Structures are given as C-alpha cells and as structure tokens.
>>> print(open('final_34.cif').read())   # mmCIF, C-alpha atoms and all ligand atoms
data_my_file
loop_
_atom_site.label_atom_id
_atom_site.label_comp_id
_atom_site.auth_asym_id
_atom_site.auth_seq_id
_atom_site.Cartn_x
_atom_site.Cartn_y
_atom_site.Cartn_z
CA MET B 1 -21.03 -29.92 -14.99
CA ARG B 2 -17.64 -29.91 -16.67
CA LYS B 3 -15.87 -28.56 -13.64
CA ALA B 4 -17.42 -31.16 -11.33
CA PHE B 5 -16.41 -33.87 -13.76
CA LEU B 6 -12.78 -32.67 -13.91
CA LYS B 7 -12.51 -32.52 -10.19
CA ILE B 8 -13.69 -36.08 -9.73
CA VAL B 9 -11.43 -37.44 -12.46
CA LEU B 10 -8.53 -35.84 -10.66
CA LEU B 11 -9.54 -37.39 -7.33
CA SER B 12 -10.07 -40.84 -8.85
CA SER B 13 -6.61 -40.69 -10.37
CA ILE B 14 -5.16 -40.40 -6.88
CA GLY B 15 -7.00 -43.44 -5.63
CA ILE B 16 -10.56 -42.49 -4.81
CA SER B 17 -13.12 -45.09 -5.83
CA ILE B 18 -14.53 -45.01 -9.33
CA ILE B 19 -18.00 -45.77 -7.90
CA PHE B 20 -17.79 -42.47 -6.10
CA PHE B 21 -16.97 -40.82 -9.39
CA GLN B 22 -20.04 -42.29 -11.07
CA THR B 23 -22.51 -41.22 -8.42
CA ILE B 24 -21.14 -37.72 -8.13
CA THR B 25 -21.13 -36.75 -11.80
CA VAL B 26 -24.93 -36.83 -11.91
CA SER B 27 -24.99 -33.58 -10.02
CA ALA B 28 -24.31 -30.16 -11.53
CA ALA B 29 -22.53 -28.60 -8.56
CA LEU B 30 -20.76 -29.90 -5.49
CA ILE B 31 -20.52 -28.33 -2.05
CA THR B 32 -16.87 -28.99 -1.26
CA ASP B 33 -16.49 -27.16 2.05
CA VAL B 34 -18.22 -25.06 4.67
CA ARG B 35 -16.38 -22.60 6.90
CA PHE B 36 -17.24 -19.82 9.34
CA TRP B 37 -15.55 -16.69 10.65
CA SER B 38 -16.55 -15.01 13.90
CA ALA B 39 -16.44 -11.22 14.06
CA PRO B 40 -17.50 -8.96 16.96
CA ASP B 41 -20.73 -7.94 15.21
CA HIS B 42 -21.43 -10.82 12.84
CA THR B 43 -20.69 -14.41 11.86
CA ARG B 44 -19.81 -15.21 8.28
CA VAL B 45 -20.59 -18.64 6.81
CA VAL B 46 -18.96 -19.61 3.51
CA LEU B 47 -19.85 -22.51 1.22
CA ASP B 48 -17.34 -23.59 -1.45
CA LEU B 49 -19.00 -24.72 -4.67
CA THR B 50 -17.77 -26.14 -7.96
CA GLU B 51 -20.34 -24.06 -9.85
CA SER B 52 -22.79 -21.28 -9.17
CA ILE B 53 -26.18 -22.57 -7.97
CA GLN B 54 -29.79 -21.58 -7.37
CA TYR B 55 -31.11 -21.19 -3.86
CA GLY B 56 -34.06 -20.06 -1.81
CA SER B 57 -33.81 -18.72 1.72
CA TYR B 58 -35.99 -17.80 4.66
CA THR B 59 -35.65 -16.84 8.30
CA GLN B 60 -37.37 -18.74 11.07
CA GLU B 61 -38.15 -16.83 14.25
CA ASN B 62 -38.64 -19.47 16.92
CA PRO B 63 -36.06 -20.88 17.39
CA PRO B 64 -34.12 -18.28 15.39
CA GLU B 65 -32.72 -20.05 12.34
CA TYR B 66 -31.66 -19.14 8.86
CA HIS B 67 -32.64 -21.70 6.21
CA LEU B 68 -31.14 -22.00 2.77
CA GLU B 69 -32.35 -24.50 0.18
CA LEU B 70 -29.79 -25.17 -2.52
CA LYS B 71 -30.89 -26.70 -5.81
CA GLY B 72 -28.93 -28.77 -8.34
CA VAL B 73 -26.22 -29.49 -5.83
CA THR B 74 -24.66 -32.47 -4.03
CA LEU B 75 -22.85 -32.56 -0.72
CA PHE B 76 -19.24 -33.47 -1.39
CA THR B 77 -17.82 -32.33 1.95
CA LYS B 78 -18.03 -34.83 4.81
CA LYS B 79 -19.19 -32.05 7.10
CA ARG B 80 -22.85 -32.45 8.09
CA GLU B 81 -22.73 -30.46 11.30
CA VAL B 82 -20.23 -27.76 12.18
CA LYS B 83 -20.10 -26.57 15.79
CA VAL B 84 -19.66 -22.79 15.88
CA ASN B 85 -20.53 -21.60 19.37
CA ASP B 86 -19.44 -17.99 18.95
CA LEU B 87 -21.51 -14.97 19.96
CA TYR B 88 -24.15 -15.51 17.30
CA LEU B 89 -24.33 -19.09 16.05
CA SER B 90 -24.43 -22.43 17.85
CA LYS B 91 -23.99 -24.64 14.79
CA ILE B 92 -24.32 -25.05 11.05
CA SER B 93 -26.08 -28.12 9.70
CA LEU B 94 -26.16 -29.50 6.16
CA THR B 95 -28.73 -32.10 5.07
CA ALA B 96 -29.09 -33.77 1.68
CA LEU B 97 -32.72 -33.65 0.55
CA GLY B 98 -33.06 -36.22 -2.20
CA LYS B 99 -30.62 -36.48 -5.10
CA ASP B 100 -29.67 -32.90 -5.84
CA LYS B 101 -31.02 -30.68 -3.10
CA VAL B 102 -29.28 -29.60 0.08
CA LYS B 103 -30.63 -27.76 3.07
CA LEU B 104 -28.36 -25.53 5.09
CA ILE B 105 -29.55 -24.40 8.52
CA LEU B 106 -27.73 -21.79 10.55
CA HIS B 107 -28.77 -22.21 14.18
CA GLN B 108 -28.71 -18.72 15.68
CA LYS B 109 -28.39 -17.71 19.32
CA ARG B 110 -30.49 -14.59 18.71
CA PRO B 111 -32.36 -12.87 15.86
CA LEU B 112 -29.91 -11.61 13.22
CA ASN B 113 -30.00 -9.92 9.82
CA ALA B 114 -28.83 -12.05 6.91
CA ASN B 115 -26.85 -10.73 3.93
CA LEU B 116 -26.08 -13.07 1.05
CA LEU B 117 -23.26 -12.69 -1.40
CA ILE B 118 -22.14 -14.85 -4.32
CA LEU B 119 -18.47 -14.70 -5.23
CA LYS B 120 -17.09 -15.89 -8.53
CA PRO B 121 -13.86 -17.91 -8.67
CA TYR B 122 -10.77 -15.81 -8.15
CA LEU B 123 -7.16 -17.09 -8.02
CA ASP B 124 -7.34 -20.32 -6.01
CA LYS B 125 -10.80 -19.55 -4.64
CA PRO B 126 -13.79 -21.45 -6.09
CA HIS B 127 -17.39 -20.23 -6.42
CA ARG B 128 -18.42 -19.16 -2.93
CA LEU B 129 -21.75 -18.50 -1.31
CA VAL B 130 -21.29 -16.13 1.62
CA ILE B 131 -23.88 -15.56 4.33
CA ASP B 132 -23.27 -12.81 6.85
CA LEU B 133 -25.49 -12.97 9.91
CA VAL B 134 -25.26 -9.52 11.40
CA ASP B 135 -26.27 -8.18 14.80
CA VAL B 136 -27.29 -4.71 13.65
CA ALA B 137 -27.68 -3.38 17.20
CA GLN B 138 -24.16 -4.51 18.12
CA GLU B 139 -22.79 -3.03 14.90
CA ARG B 140 -24.36 0.31 15.79
CA LYS B 141 -23.18 0.11 19.40
CA GLU B 142 -19.58 -0.42 18.35
CA GLN B 143 -19.78 2.42 15.89
CA GLU B 144 -21.12 4.75 18.60
CA GLU B 145 -18.39 3.65 20.99
CA ARG B 146 -15.72 4.47 18.42
CA GLN B 147 -17.27 7.88 17.86
CA ARG B 148 -17.15 8.60 21.60
CA GLU B 149 -13.51 7.61 22.18
CA LYS B 150 -12.01 11.00 21.32
CA GLU B 151 -14.39 12.80 23.70
CA ILE B 152 -13.75 10.59 26.71
CA ARG B 153 -9.93 10.85 26.42
CA PRO B 154 -7.97 13.62 28.20
CA LYS B 155 -7.40 16.54 25.82
CA GLY B 156 -4.28 16.09 23.74
CA THR B 157 -4.35 12.29 23.71
CA LYS B 158 -3.22 11.06 20.31
CA ILE B 159 -5.34 8.32 18.79
CA VAL B 160 -3.54 5.73 16.70
CA VAL B 161 -5.56 3.19 14.73
CA VAL B 162 -3.67 0.04 13.83
CA ASP B 163 -5.02 -2.01 10.94
CA PRO B 164 -3.89 -5.64 10.61
CA GLY B 165 -4.46 -6.33 6.90
CA HIS B 166 -6.55 -9.15 5.40
CA GLY B 167 -8.35 -11.73 7.64
CA GLY B 168 -10.98 -14.45 7.30
CA GLU B 169 -11.38 -15.62 3.70
CA ASP B 170 -8.43 -13.46 2.67
CA PRO B 171 -5.20 -14.91 4.12
CA GLY B 172 -2.94 -12.35 2.37
CA ALA B 173 0.47 -13.63 1.28
CA ILE B 174 1.47 -17.15 2.35
CA GLY B 175 5.00 -18.24 3.26
CA LEU B 176 6.93 -21.40 2.37
CA ARG B 177 6.17 -22.78 5.83
CA LYS B 178 2.50 -21.82 5.34
CA THR B 179 2.73 -18.76 7.58
CA MET B 180 -0.18 -16.50 6.72
CA GLU B 181 0.11 -12.75 6.42
CA LYS B 182 -3.26 -12.26 8.20
CA ASP B 183 -1.96 -14.05 11.34
CA ILE B 184 1.43 -12.32 11.51
CA VAL B 185 0.07 -8.81 11.05
CA LEU B 186 -2.57 -9.42 13.73
CA LYS B 187 0.18 -10.43 16.18
CA VAL B 188 2.33 -7.38 15.34
CA GLY B 189 -0.77 -5.16 15.56
CA GLU B 190 -1.75 -6.54 18.97
CA LYS B 191 1.78 -5.95 20.31
CA LEU B 192 1.86 -2.42 18.90
CA VAL B 193 -1.52 -1.49 20.42
CA HIS B 194 -0.62 -3.05 23.77
CA LEU B 195 2.74 -1.24 23.97
CA LEU B 196 1.31 2.08 22.76
CA ASN B 197 -1.43 1.97 25.38
CA GLN B 198 1.22 1.85 28.10
CA ASN B 199 1.99 5.48 27.22
CA LYS B 200 -0.49 7.94 28.70
CA GLU B 201 -0.30 10.29 25.74
CA PHE B 202 -1.56 7.64 23.30
CA GLN B 203 -4.67 5.60 22.85
CA ALA B 204 -4.43 2.86 20.26
CA PHE B 205 -7.13 0.68 18.70
CA LEU B 206 -7.20 -2.24 16.30
CA THR B 207 -9.51 -2.32 13.29
CA ARG B 208 -9.46 -6.14 13.34
CA LYS B 209 -9.29 -8.11 16.60
CA GLY B 210 -9.50 -11.66 15.25
CA ASP B 211 -9.55 -13.80 12.14
CA TYR B 212 -12.36 -12.25 10.12
CA PHE B 213 -12.55 -10.01 7.12
CA ILE B 214 -13.22 -6.26 7.06
CA ARG B 215 -13.73 -4.32 3.84
CA LEU B 216 -10.92 -1.89 3.04
CA GLU B 217 -13.37 1.03 3.01
CA ASP B 218 -14.69 0.01 6.44
CA ARG B 219 -11.17 0.05 7.89
CA VAL B 220 -10.91 3.68 6.74
CA LYS B 221 -14.39 4.39 8.11
CA MET B 222 -13.42 2.97 11.52
CA ALA B 223 -10.30 5.16 11.66
CA ARG B 224 -12.47 8.20 10.89
CA GLU B 225 -15.01 7.23 13.56
CA TYR B 226 -12.16 7.11 16.10
CA LYS B 227 -11.00 10.49 14.72
CA ALA B 228 -7.55 8.95 14.52
CA ASP B 229 -4.46 11.13 14.44
CA LEU B 230 -2.51 8.39 12.65
CA PHE B 231 -3.52 5.24 10.78
CA ILE B 232 -1.09 2.36 10.31
CA SER B 233 -2.00 -0.57 8.06
CA LEU B 234 0.19 -3.63 8.66
CA HIS B 235 1.08 -6.15 5.94
CA SER B 236 3.74 -8.61 4.92
CA ASP B 237 4.95 -8.79 1.36
CA GLY B 238 4.79 -11.81 -0.95
CA SER B 239 6.65 -12.57 -4.15
CA PHE B 240 7.17 -15.42 -6.62
CA ASN B 241 10.86 -14.62 -6.24
CA PRO B 242 11.97 -16.32 -2.99
CA GLN B 243 15.04 -14.05 -2.88
CA ALA B 244 12.93 -10.89 -2.50
CA ARG B 245 13.12 -9.68 1.07
CA GLY B 246 13.09 -6.64 3.36
CA SER B 247 10.67 -4.15 4.87
CA SER B 248 9.05 -1.25 3.02
CA VAL B 249 6.86 1.79 3.65
CA TYR B 250 4.04 3.12 1.46
CA CYS B 251 1.87 6.23 1.28
CA LEU B 252 -1.09 7.17 -0.86
CA SER B 253 -0.67 8.66 -4.30
CA LEU B 254 -3.52 10.46 -6.04
CA SER B 255 -1.71 10.70 -9.36
CA GLY B 256 -0.33 7.26 -10.19
CA ALA B 257 2.27 5.18 -8.43
CA THR B 258 5.91 6.20 -7.95
CA ASP B 259 7.00 3.01 -9.73
CA GLU B 260 5.60 -0.15 -11.30
CA ALA B 261 6.38 -2.33 -8.28
CA ALA B 262 4.39 0.00 -5.98
CA LYS B 263 1.47 -0.06 -8.42
CA ILE B 264 1.47 -3.87 -8.54
CA LEU B 265 1.63 -4.01 -4.75
CA ALA B 266 -1.31 -1.59 -4.38
CA ASP B 267 -3.35 -3.59 -6.91
CA LYS B 268 -2.61 -6.75 -4.95
CA GLU B 269 -3.49 -5.22 -1.57
CA ASN B 270 -6.65 -3.67 -3.07
CA MET B 271 -7.77 -7.14 -4.25
CA SER B 272 -8.37 -7.96 -0.58
CA ASN B 273 -12.02 -6.95 -1.04
CA VAL B 274 -12.45 -9.57 -3.78
CA LEU B 275 -10.71 -12.37 -1.88
CA GLY B 276 -12.23 -11.51 1.48
CA GLY B 277 -15.72 -11.12 0.05
CA ALA B 278 -16.96 -7.54 0.38
CA LEU B 279 -20.62 -6.67 0.10
CA PRO B 280 -21.01 -4.25 -2.80
CA THR B 281 -22.09 -1.22 -0.80
CA PRO B 282 -19.47 1.46 -1.33
CA THR B 283 -18.82 3.92 1.47
CA SER B 284 -17.77 7.00 -0.38
CA ILE B 285 -16.38 9.81 1.68
CA ALA B 286 -16.82 12.11 -1.34
CA LYS B 287 -20.59 11.79 -0.79
CA ASP B 288 -20.40 12.96 2.81
CA PRO B 289 -22.69 16.05 2.79
CA ASN B 290 -20.71 17.60 5.66
CA LEU B 291 -17.56 17.95 3.59
CA ASN B 292 -17.03 20.21 0.64
CA LYS B 293 -14.62 19.40 -2.17
CA ILE B 294 -12.10 22.22 -1.53
CA LEU B 295 -11.90 21.43 2.15
CA LEU B 296 -11.51 17.74 1.31
CA ASP B 297 -8.57 18.44 -1.04
CA LEU B 298 -6.88 20.63 1.54
CA MET B 299 -7.26 17.95 4.21
CA GLN B 300 -6.02 15.24 1.87
CA ASN B 301 -2.95 17.29 0.93
CA ASN B 302 -2.08 17.96 4.51
CA SER B 303 -2.64 14.31 5.54
CA MET B 304 -0.39 13.11 2.74
CA LYS B 305 2.41 15.52 3.74
CA GLU B 306 2.14 14.25 7.30
CA SER B 307 2.19 10.62 6.06
CA PHE B 308 5.44 11.38 4.21
CA ARG B 309 6.91 12.93 7.36
CA PHE B 310 5.97 9.90 9.45
CA SER B 311 7.34 7.52 6.79
CA GLU B 312 10.71 9.27 6.74
CA LEU B 313 10.96 9.08 10.53
CA PHE B 314 9.98 5.41 10.54
CA LEU B 315 12.41 4.39 7.78
CA GLU B 316 15.23 5.72 10.01
CA ASP B 317 14.08 3.59 12.96
CA LEU B 318 13.23 0.59 10.80
CA LYS B 319 16.84 0.29 9.57
CA ALA B 320 17.84 -1.21 12.92
CA VAL B 321 15.09 -3.86 12.72
CA ASN B 322 15.31 -5.31 9.22
CA HIS B 323 16.90 -4.91 5.83
CA LEU B 324 15.07 -2.13 3.90
CA LYS B 325 13.66 -3.03 0.51
CA TYR B 326 13.88 0.64 -0.53
CA PRO B 327 15.69 3.51 1.22
CA SER B 328 12.64 5.80 0.83
CA TYR B 329 8.85 5.47 1.03
CA ARG B 330 6.92 4.64 -2.14
CA GLN B 331 3.47 5.80 -3.21
CA ALA B 332 0.50 4.17 -4.92
CA ASN B 333 -3.28 4.16 -4.93
CA PHE B 334 -4.01 2.06 -1.82
CA ILE B 335 -7.74 2.07 -0.94
CA VAL B 336 -6.98 1.64 2.76
CA LEU B 337 -4.90 4.86 2.85
CA LYS B 338 -7.70 7.07 1.53
CA ALA B 339 -8.95 8.77 4.70
CA PRO B 340 -8.61 12.42 3.62
CA ASP B 341 -8.24 13.71 7.16
CA ILE B 342 -5.91 11.10 8.69
CA PRO B 343 -2.19 10.65 7.95
CA SER B 344 -2.08 7.01 6.81
CA VAL B 345 0.76 4.63 6.01
CA LEU B 346 0.94 1.04 4.85
CA LEU B 347 3.87 -1.01 6.11
CA GLU B 348 5.17 -4.23 4.63
CA THR B 349 6.81 -5.75 7.69
CA ALA B 350 8.95 -8.20 5.65
CA PHE B 351 8.62 -10.78 2.86
CA ILE B 352 6.70 -13.79 4.10
CA THR B 353 7.78 -15.67 0.94
CA ASN B 354 11.48 -15.33 1.82
CA LYS B 355 12.85 -18.07 4.05
CA GLU B 356 14.80 -15.76 6.36
CA ASP B 357 12.08 -13.09 6.53
CA GLU B 358 9.42 -15.73 7.24
CA ARG B 359 11.53 -17.01 10.13
CA LEU B 360 11.81 -13.46 11.49
CA LEU B 361 8.10 -12.73 11.08
CA ASN B 362 7.28 -15.76 13.21
CA GLN B 363 9.57 -14.60 16.03
CA ASN B 364 8.03 -12.84 19.01
CA GLY B 365 11.27 -10.88 19.32
CA PHE B 366 11.08 -9.58 15.77
CA GLN B 367 7.39 -8.68 16.10
CA GLU B 368 8.19 -6.74 19.28
CA LYS B 369 11.21 -5.02 17.73
CA PHE B 370 9.06 -3.93 14.81
CA ALA B 371 6.36 -2.61 17.16
CA ASN B 372 8.95 -0.80 19.32
CA ALA B 373 10.55 0.85 16.29
CA LEU B 374 7.09 2.10 15.38
CA ILE B 375 6.54 3.49 18.88
CA THR B 376 9.86 5.37 18.73
CA SER B 377 8.79 6.92 15.40
CA ILE B 378 5.25 7.67 16.62
CA LYS B 379 6.69 9.54 19.63
CA LYS B 380 9.02 11.59 17.40
CA TYR B 381 6.19 12.25 14.95
CA PHE B 382 3.85 13.71 17.57
CA LYS B 383 6.57 15.65 19.41
CA ARG B 384 6.74 18.37 16.80
ZN ZN N 1 -1.23 -7.42 2.54
#
>>> encode(input="final_34.cif", output="structure tokens")
Amino acid sequence: MRKAFLKIVLLSSIGISIIFFQTITVSAALITDVRFWSAPDHTRVVLDLTESIQYGSYTQENPPEYHLELKGVTLFTKKREVKVNDLYLSKISLTALGKDKVKLILHQKRPLNANLLILKPYLDKPHRLVIDLVDVAQERKEQEERQREKEIRPKGTKIVVVDPGHGGEDPGAIGLRKTMEKDIVLKVGEKLVHLLNQNKEFQAFLTRKGDYFIRLEDRVKMAREYKADLFISLHSDGSFNPQARGSSVYCLSLSGATDEAAKILADKENMSNVLGGALPTPTSIAKDPNLNKILLDLMQNNSMKESFRFSELFLEDLKAVNHLKYPSYRQANFIVLKAPDIPSVLLETAFITNKEDERLLNQNGFQEKFANALITSIKKYFKR
C-alpha cells in the first residue's frame, strides 16, 4: 500500500491529475507494465508490480490459453492487449474484473507448459511476476541437435561456443547514450560466429540468438552439449566512473579472485540470474553420475590452463583493437566459466559507460575488428 501511494504522489507532483491519485490508492498493488521476450523454445511474459500479489492460474485446452487471475491489484499500465505473434503466443490480454481483480490471458498458438516465478525487487527492478510458456518438445529437440553436432562434423573440426551475455529482462551495463550491453554483445557474437564459420576447421554456435534471457548454468550446459573445444562469453564493462575504459580478459578462479576489482566484476556478472529471472532449478555438474570427482578436478585443471593460454594469446591480438584495461588476464569465480571440461574465457569488450568506448562499441568496424582479433587468436590457439 505504501509503495503504491508513494508512486502516485510522485506522479501527481509532475502533473498527473489528483483524481487519478485518489482512485488508485484504494488498491494494494498496481500492474505498471507487461512485457514479453521470445526465445526459440519459449515465450516469457513479465508483469511489473508495485507489490507482491496473490493469484490463481489455470490452463485452457481449446483454444489453448493460459489464464491468470490476480487479486488485490489494479491495472495502472495503459496496455490492455499486447500483440506478440512469435512462435508460441498470438497476444496477451489484460482485463480489469471489478475494483481490484485483473485477468491476464495468454493466447497460445499451441499447447505449452507454464512455469511461474515471482521475483522480488532488485536494483531498479520492481516486483515481477514471470510466466514462461515452454514448448517442451522443442526444448528437447534443440538439446538433441546440440548433442549431435560433434558427431556430424568432419573429424578434427573445432567447436567454438560463443555466449553473448545477458538478454531479455537483464540488459547488462547501460551506456550514457542508452546503449545496452545485451545488444552490443549479441552483435559482436553474431559477427564472430559468422566469420568463424567461414573457416572449414571451425564450427561456431551462439548460446543466445535473440533478446531473451538464458540462465548462466544453462549457457554452460549448452556448451557441454555441443562438446565445445572453446567457450567465449562476451560482455561489456560498466562503471560509475565515466573515465574507466578499455578491454579486459577473465578466466575462472576456484580459490578466490586475483584482485578486488575482478571479484566485484564476477559478482556483478553472476547477478545476471537475479536480474534476468532464473527458475530455481540448479543444474549441478558435480551431480552428474557419469563423472567422478578426481576426473572432474583433472579436467577442470587442464581446462583452466588452456583458458590461460588462450587469454595470453588473445591479449596480444587485442592490443591492436582497443586500449587494454590490464596487461594480463584476471581470475574470479564466474558461474558462466565453470564447465570443467571446456576452456572458457569471459571478455569485456570495452566500457559501455565510457563515452569513447560506447562510441566504439556501436561501430560495425569495431565489432568486426574485435571478432577478427578473436579469430586470429583462436587459430593460433588450436594450431598447437
Ligand atoms: Zn556482462
């Protein structure tokens, strides 16, 4: 109640009618926005709320619809119907039922499994109600396709999995000109995969092909399904200090970070799951019955050594592309670098919060130069 009240007072102070203020404060929670994100195997619908609410849900089979009845809530967003028209949903509709009840209907194109998730406020994000409508068959099909890739390639082909960080609800760092990390790293990733695939000896894949969120653990899982020979997670740095700039390279550490800055960065990148909205179903490789602990440690050690070797090669080639934040790679506990059997690196392409770096990150030429420097290093790395 208090939060809703504060919000309305703020709006009325900037000119919104006081009558509006009076009618709205009767409700406990407000729905302030509705968004959706389309992924290859699911559609995510997100409701922004000023407070947590009660709800009831059910699935209708014919036509296939997902219904959600929200109690103690008022529609504050002007959106009543949102056209989706992706693979899975045609539209989202919101209807006020009486004074403090709202019905949300997700109009599906086919039967789907629904997963609900409630997220508490975090940073600038309000209470969120997340509904994932998942095509389980498609999810399985994609997983099987990834598992087959290594077998259908000519022997000796090196598989590189490129991971554009963040996506969907999690924009990553945001620049002064509102450039979003999630968009830039997707563009760099697409260029890298496209250019790598022009070389017969490589086959490259993206973990994320659009603007949607993937859990950090699932990015690792995908790389393992591909049986990747190298995993590259792409990011762009952000800082409150607008002077901070340059590119940097990170590897995993199992025993604490090399320095405080690397630890802070890893904590920030690991928060992606909270911002993006991850379902709390951990995928722990340690529980894989096919792997024993000693073998796992040996693999992890070897993968880390190889990650260091790749990082050193790349830092040499990166020098020609952008100013280096550090002359050497740094280490910290990044969740996304935890595949025990795949050399994995996390690259901060540049600082999106620095005026000059943001300008560079938006340039096609810079994105290509970055991707080409990576290809040079990847070729050297596998030549040994
Ligand atoms: Zn990032």
>>> closest_atom_pairs(input="final_34.cif", of="chain B", to="ligand ZN 1 (chain N)", cutoff="8 Å", atoms="all atoms listed in the file", output="Markdown table")
| residue | atom | partner | partner_atom | distance |
| --- | --- | --- | --- | --- |
| B:Gly165 | CA | N:ZN1 | ZN | 5.5 |
| B:His166 | CA | N:ZN1 | ZN | 6.3 |
| B:Gly172 | CA | N:ZN1 | ZN | 5.2 |
| B:Ala173 | CA | N:ZN1 | ZN | 6.6 |
| B:Glu181 | CA | N:ZN1 | ZN | 6.7 |
| B:Lys182 | CA | N:ZN1 | ZN | 7.7 |
| B:Leu234 | CA | N:ZN1 | ZN | 7.3 |
| B:His235 | CA | N:ZN1 | ZN | 4.3 |
| B:Ser236 | CA | N:ZN1 | ZN | 5.6 |
| B:Asp237 | CA | N:ZN1 | ZN | 6.4 |
| B:Lys268 | CA | N:ZN1 | ZN | 7.6 |
| B:Glu269 | CA | N:ZN1 | ZN | 5.2 |
| B:Ser272 | CA | N:ZN1 | ZN | 7.8 |
| B:Glu348 | CA | N:ZN1 | ZN | 7.5 |
>>> residues_around(input="final_34.cif", residues="region 240-245 of chain B", least_positions_apart="6", cutoff="12 Å", atoms="all atoms listed in the file", output="ChimeraX atom specification")
/B:173-176,322-326,348-361
>>> closest_residue(input="final_34.cif", among="B:Val84, B:Val193, B:Ala28, B:Val45", to="Val134 (chain B)", atoms="all atoms listed in the file")
B:Val45
>>> closest_residue(input="final_34.cif", among="B:Asp135, B:Glu217, B:Glu225, B:Asp86", to="Lys150 (chain B)", atoms="all atoms listed in the file")
B:Glu225
>>> residues_around(input="final_34.cif", residues="Val160 (chain B)", least_positions_apart="4", cutoff="6 Å", atoms="all atoms listed in the file", output="ChimeraX atom specification")
/B:204,228-231
>>> residues_around(input="final_34.cif", residues="region 289-305 of chain B", least_positions_apart="4", cutoff="10 Å", atoms="all atoms listed in the file", output="ChimeraX atom specification")
/B:229-230,251-254,285,309-311,337-345
>>> residues_around(input="final_34.cif", residues="Arg215 (chain B)", least_positions_apart="3", cutoff="7 Å", atoms="only C-alpha atoms", output="PyMOL selection string")
chain B and resi 218-219+273+278
>>> residues_near_point(input="final_34.cif", point="(3.5, -8.6, 13.2)", cutoff="8 Å", atoms="all atoms listed in the file", output="list of chain:residue names")
B:Asp183, B:Ile184, B:Val185, B:Leu186, B:Lys187, B:Val188, B:Gly189, B:Lys191, B:Leu234, B:Thr349, B:Leu361, B:Gln367, B:Glu368, B:Phe370, B:Ala371
>>> closest_residue(input="final_34.cif", among="B:Lys227, B:Met271, B:Ile152, B:Arg110", to="Leu123 (chain B)", atoms="only C-alpha atoms")
B:Met271
>>> closest_residue(input="final_34.cif", among="B:Glu201, B:Asp124, B:Glu61, B:Asp100", to="Leu75 (chain B)", atoms="only C-alpha atoms")
B:Asp100
>>> atom_distance(input="final_34.cif", atom1="CA of Thr258 (chain B)", atom2="CA of Ile335 (chain B)")
15.9 Å
>>> atom_distance(input="final_34.cif", atom1="CA of Glu51 (chain B)", atom2="CA of Asp33 (chain B)")
12.9 Å
